[in-house]
Each structure stands twice: as C-alpha cells, then as structure tokens.
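S.K.: Sharing a structure here in structure tokens format.
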Amino acid sequence: MWSSRTAEPYQSLTVHFIDEDFNLRARCLQTTYFPDDHTGENIAAGLREGLVSWDLHEENHVCITTDNASNMVLAARLNEWTRLQCFGHRLHLAIENALKDDRVSRATALCRKLVGHFSHSWKKKAALTEAQRELKLPEHNLITECPTRWGSKEMMIARVLEQAKAISQVLSGDRYARSLIPTWQDIDVLESIHKALHPLLEFTDALSGEEYVSISYLKPVLHLFATSVLAEDAEDTDLTKSIKTKVLAYLNNKYGDPNIQELLDVACFLDPRFKIQYISTDNIPAIKTRLKTEIVDLAQRTYHWEKRSRTETVQMPQSAQSLGKRRRGLLAVFQDQFSLSFFACFLTHKHTQSSTKVWKQVGTKDMDWWRPSCLLPQRITQQAKPRADHVIGTVLITQFVALVILGLSGAVPGAQEGLAQEGLTQEGLTQGYVCSPDRPSSGVEE
C-alpha cells in the first residue's frame, strides 16, 4: 500500500520467483488504484483478486512479506498466508524500542540541532571546514537523520563524534551557540550508542536484496547476534549493555512464532552453506518429513497435470489448440507438445550448471552431500539444450529429481510406465542416456 504525490492510494503486488536459468527474479505484476478504506479485509480481498487475475495458485505460494502495520498483519491472517516480517523494518523497530531512554533522547536531539545549525548557515559551514583543516580531520559534512531509517541516526552520531573537536572549536567563539557544544556526558552517551549500533549497520542492506536469497540467512544472523554482535562485553557501559539486550530480546520474541521458525528451518536446511547447523536437533525429523511430503505432492500434481494436458491435446480441435491455454503459474508451465522426457532433459541441464556454480562458490569441503547429484549424465544435458528455449516456466532441481526417482520406483501411480514410454528408464538414467521410441539406446562417452 502506498500513496502518490497527489495523495492517491494504490496497492502493488510483487512476486519473487526463479527463472529458467535459476536466477532469483522480482516482478511487480500490478499496481491498482485502491480508493477503499485500507482495512485488513479490503487489503486481503485485493491481494486475492490479484492472484486470481494472474492465475497464480495458492498451493505454489510460500509466504508474504510485509511491514508490521496492523492492517497488513490482519490481511495475511484472513487469507491464511504465512507472513514473514521484513527484517529491515523489524530491526528498525527493535532499535527504536531499545533507544527509548531519556539520556539517549537528549543526546540525539542535540545532534539534530547541531546538524541543523551548520546546515542553515554557510558561514558556520565554512568555519567548520577551516577547523577541520587545522585539526587535520576529514572534511566531512554532518549527516541528517531520517526518522524511518535507523541507520541514518547511527551515521549522524558517528559523524558528530568524528567532528566533535571541530564543532567545539567553531561554536566556542559564538556565545549564542555555545549551548550546542556536546558535554562529556553527551559524548559518553553517544559513544555508548555508537558501540552498540555500529556493528548492525550492514545487516539491513545485506538482508534486503532482491537478486539473491536472503531468507536462509535469518537464523544464522540471529545466532550471530546472540553469540557475537549483541553479546555483552566486559568493557561495555551499562547503556550499551541495555541497548544490546533490548534489541536481541525484541528480535527473538518477534521471530519466535512456530510457523516462522519452521519456514526459517526449511530455508536453512535447503541452503548448502548452513544445512542443519542452526536447526534444533528435535526439529530436524519434522523438517525432513515436511520436505518429503511436499516433493511427493508436487511430483503427483506434475504427473497428473501432464497426463491431463495430453488428453486435452488429443480431444481439442486444431482451431481451439491454436488459441493457446491460460497461463498456469510460476512453477511448471509447459507447451503441450513437449513430453516428460524433455522436462527431464531441460532440468538436468540446468541442474548441472547450477551444481557447478554452487560447488565453486562454496568449496568442495562443504559440498560432499551434493557430489552424487553432480554425476547426472552429460548426454541428457546435450539433448536438453536445443529445446530449452521452449520452456515457459521453471521448476526447482529437487522437484525433477524427486519426480523421476518416485516415478521409477512406482511411488507415483502410472509414472513408471509414462517414463518408460518416453525412454527415461532406471538403467538409462544410471548409465547416462535417454532412449527415444524411434532411436536405440547408447552409452555415454566419457
């Protein structure tokens, strides 16, 4: 929800998905005029209408990320969607809550007055530059605080501490502005705030990216906060300790919901850098069971969808087929004339490329679990390449592997026969080739 410069209300719907090259993408699907009251009920209805208009199915929906406005929280609850709070906004609220202290309020208010004093007078600004040169300080301007960006408050404090001597030298000669010179008590308070908040400055930007996955970082980051970044130090002042304790307690409380914890556990489990390192031992069996269930369900839905598509292709007249079908969603949309063997070929090609990239980035020591998956046949990759441009949607690697394995083992009814008809057999997969009905099998040359 947002408003234009002319105060007109709008609602935007943005989706995040993986494209056919396994790159994380974000697209704003629609921005609609929203003149109704911004109640949770109206927002929930608007979001559902957006999904319907784009033919997006809720079974493919993982979670929704919003701020912490009460109407957005209610909308997610009414739609029965898992809501993941924006980490940057949550961290901002945690810090603002921790800074509710009279000493902090006085010191930060003094910083804002200093910034305003030097910003509105070119003579003072020139005098500050001259003092910086005399004291051999960096010739930096003071930084203005933005109320909705906690990081700007930390940068304002850091800059005042950096230029404290120059500020005192300039203001000491002005009897009307001497009251703005920070006292030693103010300096102590500002240093305590700076020591607590400065290490957190990079986390907001690092966990707010759109071009890389960040959800799997949440549990490791919270663990890092508890054990290192926000851990109390013997040299910390009482104010520094208080700020660290309040920020950590706030975050742990807000991310303590069981549904959110399960989502974060799944994200960590699927990330080869973390796996089960930050997951409670008691939760690991439940996470494995959930993933197995989702893979089997996806394999069954994919098989039945393809079977239904083939039937509709045979029954539909040629004129009706030329009109095309409605787009189905982000996970698996394929042209009717392409069979399951092509599905396997394409995903194997993408899987091999993705595996190599991940292996190089993370290192072989942490990728031993991935090694068997990287032994998929190159022959399948070569057959997949010419037809890769015909794919409309994308599917995760694990979904393909599960579909083939479950189909060959008979876990999905009828899938074994369907795979055999397409030339994808257990023996062929093991030896590295795909048999077509009109072409004999052959081994793969190393």
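Each chain of the structure tokens is named A, B, ... in the order shown, its residues numbered from 1; ligands are numbered from 1 in display order.
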Apply DSSP to the backbone of this structure and, from range 75-273 of chain A, keep only the residues in alpha helix (DSSP H); write these as an MDAnalysis selection string.

M.R.: chainID A and resid 75:78 87:98 102:119 122:134 150:162 164:171 184:197 201:206 218:224 238:254 258:270

S.K.: If we count only C-alpha atoms, what is near Tyr217 in chain A at a cut-off of 8 Å, once residues fewer than 3 positions away on the same chain are taken out, given as JSON, numbers by chain?

M.R.: {"A": [207, 214, 220, 221, 268]}

S.K.: What's the 6 Å shell around range 79-87 of chain A, counting only C-alpha atoms, without same-chain residues fewer than 6 positions away, as a ChimeraX atom specification?

M.R.: /A:63-67

S.K.: Looking at only C-alpha atoms, which of A:Ala231, A:Ala44, A:Leu142, A:Ala249 is the one that sits closest to Leu161 in chain A?

M.R.: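 Selected residue with least distance to Leu161 in chain A: A:Leu142.
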
S.K.: Could you give me, as a Markdown table, every range 187-282 of chain A residue with an atom at most 12 Å from range 109-130 of chain A, plus its closest atom pair and distance in Å to one decimal, counting only C-alpha atoms, rows ordered by chain then number?

M.R.:
```
| residue | atom | partner | partner_atom | distance |
| --- | --- | --- | --- | --- |
| A:Ile187 | CA | A:Cys111 | CA | 10.5 |
| A:Val189 | CA | A:Leu110 | CA | 11.5 |
| A:Leu190 | CA | A:Cys111 | CA | 9.3 |
```

S.K.: Could you check how far CA of Thr245 in chain A sits from CA of Asn97 in chain A, in Å to one decimal?

M.R.: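 CA of Thr245 in chain A sits 11.2 Å away from CA of Asn97 in chain A.
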
S.K.: Show me, as a PyMOL selection string, the residues that have an atom within 12 Å of Lys275 in chain A when counting only C-alpha atoms, minus same-chain residues fewer than 2 positions from it.

M.R.: chain A and resi 216-217+219-220+264-273+277-281+284+287-288+366-367+369-370

S.K.: Sorted by chain and rising residue number, list the residues of range 124-184 of chain A at most 12 Å from range 98-105 of chain A (counting only C-alpha atoms), each with its closest atom pair and distance in Å to one decimal, as a tab-separated table.

M.R.:
```
residue	atom	partner	partner_atom	distance
A:Trp150	CA	A:Leu99	CA	10.5
A:Lys153	CA	A:Leu99	CA	10.9
A:Glu154	CA	A:Leu99	CA	11.4
A:Ile157	CA	A:Val104	CA	11.0
```

S.K.: Would you save the residues from that selection as a PDB file, in the first residue's frame, using N, CA and C atoms?

M.R.:
```pdb
ATOM      1  N   TRP A 150      16.820   3.832  10.688  1.00  0.00           N
ATOM      2  CA  TRP A 150      17.617   3.880  11.912  1.00  0.00           C
ATOM      3  C   TRP A 150      19.096   4.042  11.601  1.00  0.00           C
ATOM      4  N   LYS A 153      20.411   7.538  11.808  1.00  0.00           N
ATOM      5  CA  LYS A 153      20.679   8.025  13.170  1.00  0.00           C
ATOM      6  C   LYS A 153      22.074   7.609  13.624  1.00  0.00           C
ATOM      7  N   GLU A 154      22.448   6.369  13.348  1.00  0.00           N
ATOM      8  CA  GLU A 154      23.776   5.889  13.715  1.00  0.00           C
ATOM      9  C   GLU A 154      24.856   6.658  12.954  1.00  0.00           C
ATOM     10  N   ILE A 157      25.255  10.129  14.477  1.00  0.00           N
ATOM     11  CA  ILE A 157      26.001  10.073  15.736  1.00  0.00           C
ATOM     12  C   ILE A 157      27.490   9.870  15.471  1.00  0.00           C
TER      13      ILE A 157
END
```

S.K.: Please identify all polymer residues within 9 Å of Val247 in chain A, counting only C-alpha atoms, omitting same-chain residues fewer than 6 positions from it, and present them as a list of chain:residue names.

M.R.: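 Final neighbour list, sorted by chain and number: A:Leu91, A:Leu93, A:Ala94, A:Ile95, A:Glu96, A:Asn97, A:Ala98, A:Leu230.
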
S.K.: Quick one: residues within 10 Å of range 47-49 of chain A, only C-alpha atoms counted, chain neighbours fewer than 6 positions away excluded, as a list in words?

M.R.: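 So the residues in contact are Gln11, Ser12, Leu13, Asp55, Leu56, Glu58, Ala75, Ala76 and Asn79 of chain A.
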